[in-house]
Amino acid sequence: MQNTAETGPDARIDTTPLLDDPYAALAALREAGPVHRIAGTDGQPAWLVTRYDDVRSALADPRLSLDKRHATPGNYRGFTLPPALDANLLNMDPPDHTRIRRLVVKAFTPRRVEALRAPVRRIADDLLDAMAAKGRAELVADYAGPLPITVICDLLGIPAEHRRDFLAWSDALITPDPSRPEAMKHAIGAMLEFYTGLIAAKRAEPGDDLLSDLIAVRDDTVDGTEADRLSEDELTSLAFLILFAGYENTVQLIGNAVLALLDHPERLAALRRNPAELTTAVEEFLRYDGPAALAIRRFPVEDVEIGGVRIPAGESVLLSIASANRDPKRFPDPDRLDPTRELSGHLALGHGIHYCLGAPLARMEAETAIGALISRFPDLRLDVPRDEVHHRRTIRARGLISLPVAW
């Protein structure tokens, strides 16, 4: 593929290869040049950054804003959330980002997450018990999906009867159906109604959960000197982000990791022999085929130069995490799954101030879920031909549509 950054601002690369065979397409782009003009996820032109050093630097560059208000008018047409869901960390820069992140980061410290390991293992074992007698399962729907949604709902204090609805809403947002544009609008409206009602219920009857704690922070300061710490929209948006991101990233990580192991039976056998190596293996799963193909879209607040390419202020910048994590200049033989490689510095969970808030929880859930699965079913195998296993057709995220397995 040609480096379209050199052929004028209106030249764009067709993104179809990024859907059909993303790692091969990204390798070709990375070799051709560090920055390319493509059609973004909203159909508008965007700059795609492909090389590790450039992506890592850009992730921590304060000149690249997450706030859509810095976008050039008419240059960005992402889907619009109502203010009560849009005031979240994925759209914010400091100081608002710093203020809100500080309120919730203590819920995801390694110590607190480690205390959740035993409950997560019980959830995993219960799901595996339900699967065991059947001899086969659709692993995304029966295991990789229910586990993180149960964990994050328990953390937030969300009743079990609402979890199936949330899964449907999430799917509508993650992979919208072009033939049913009303489905996304319905999902957004339903989510807003759900969160508004849940917060009202928690206010009336607080529980021992993270959402009740956040409501207390909001209500205890609203009439005091620190009233600007958390607005009502920020509270609702934070609950939305924790639940949505806590589910989406982890279900994709677990599914991709299990498929990688089934594709590499020698690695699967090694992990069964030495389950203590799962901690390191999860880092390689994140690098090799992580859930975030792209970082959250950035908008330069001034003209910037990335990889020798000048990008005007306000234009969309897409940082390819998937490409950076397979850059051979950073990770030798990058297309090989190798948990023994030196893995520090992979970008699957971000870098800089926007580093994934729930990273310790995602790591622990993946380690626990994969360990329980391969221990329970030593003869785990695909239940369909390999060419019938497909990822969702989106350049934003990297997750399986389904993963039929048997044992």
# chains A, B, ... in the order shown; residues from 1 in each chain; ligands from 1
>>> residues_around(residues="A:Asp86", least_positions_apart="5", cutoff="8 Å", atoms="only C-alpha atoms", output="number ranges by chain")
A: 81, 91, 233, 237
>>> select_by_dssp(residues="stretch 263-344 of chain A", states="alpha helix (DSSP H)", output="VMD selection string")
chain A and resid 263 265 to 273 278 to 289 321 to 324
>>> closest_residue(among="A:Ser402, A:Ser231, A:Thr50, A:Ser212", to="A:Gly255", atoms="only C-alpha atoms")
A:Ser402
>>> atom_distance(atom1="atom CA of A:Thr250", atom2="atom CA of A:Gly290")
9.7 Å
>>> residues_around(residues="A:Leu89", least_positions_apart="5", cutoff="8 Å", atoms="only C-alpha atoms", output="PyMOL selection string")
chain A and resi 97+100-101+238+241
>>> select_by_dssp(residues="stretch 156-380 of chain A", states="strand (DSSP E or B)", output="list in words")
Ala292, Leu294, Arg298, Phe299, Pro300, Val304, Glu305, Ile306, Val309, Arg310, Ile311, Val317, Leu318, Leu319 and Ser320 of chain A
>>> closest_residue(among="A:Thr175, A:Ala87, A:Ser316, A:Ile370", to="A:Gly74", atoms="only C-alpha atoms")
A:Ser316
>>> closest_atom_pairs(of="stretch 212-300 of chain A", to="stretch 337-352 of chain A", cutoff="6 Å", atoms="only C-alpha atoms", output="JSON lines")
{"residue": "A:Ala281", "atom": "CA", "partner": "A:Pro339", "partner_atom": "CA", "distance": 4.7}
{"residue": "A:Glu284", "atom": "CA", "partner": "A:Pro339", "partner_atom": "CA", "distance": 5.2}
{"residue": "A:Leu286", "atom": "CA", "partner": "A:Ala348", "partner_atom": "CA", "distance": 5.7}
{"residue": "A:Arg287", "atom": "CA", "partner": "A:His346", "partner_atom": "CA", "distance": 5.9}
{"residue": "A:Gly290", "atom": "CA", "partner": "A:Ala348", "partner_atom": "CA", "distance": 5.8}
>>> atom_distance(atom1="atom CA of A:Tyr288", atom2="atom CA of A:Asn325")
7.0 Å
>>> closest_residue(among="A:Arg51, A:Arg392, A:Arg363, A:Arg164", to="A:Leu278", atoms="only C-alpha atoms")
A:Arg363
>>> residues_around(residues="A:Val104", least_positions_apart="4", cutoff="10 Å", atoms="only C-alpha atoms", output="PyMOL selection string")
chain A and resi 99-100+108-109+210-211+213-214+238+242+357-358
>>> write_last_selection(atoms="C-alpha atoms", output="PDB file, in the first residue's frame")
ATOM      1  CA  ARG A  99     -10.536  15.215  38.766  1.00  0.00           C
ATOM      2  CA  ILE A 100     -12.929  12.449  37.744  1.00  0.00           C
ATOM      3  CA  PHE A 108      -9.310  -0.649  40.659  1.00  0.00           C
ATOM      4  CA  THR A 109      -6.064  -0.748  42.634  1.00  0.00           C
ATOM      5  CA  LEU A 210     -19.056   1.347  43.795  1.00  0.00           C
ATOM      6  CA  LEU A 211     -22.025   3.222  42.341  1.00  0.00           C
ATOM      7  CA  ASP A 213     -19.974   5.290  46.782  1.00  0.00           C
ATOM      8  CA  LEU A 214     -19.837   7.556  43.726  1.00  0.00           C
ATOM      9  CA  LEU A 238     -18.990   7.439  34.750  1.00  0.00           C
ATOM     10  CA  ILE A 242     -17.319   1.609  33.892  1.00  0.00           C
ATOM     11  CA  LEU A 357      -8.498   2.525  34.407  1.00  0.00           C
ATOM     12  CA  GLY A 358      -9.652  -1.083  34.744  1.00  0.00           C
TER      13      GLY A 358
END
>>> atom_distance(atom1="atom CA of A:Ala187", atom2="atom CA of A:Leu139")
24.2 Å
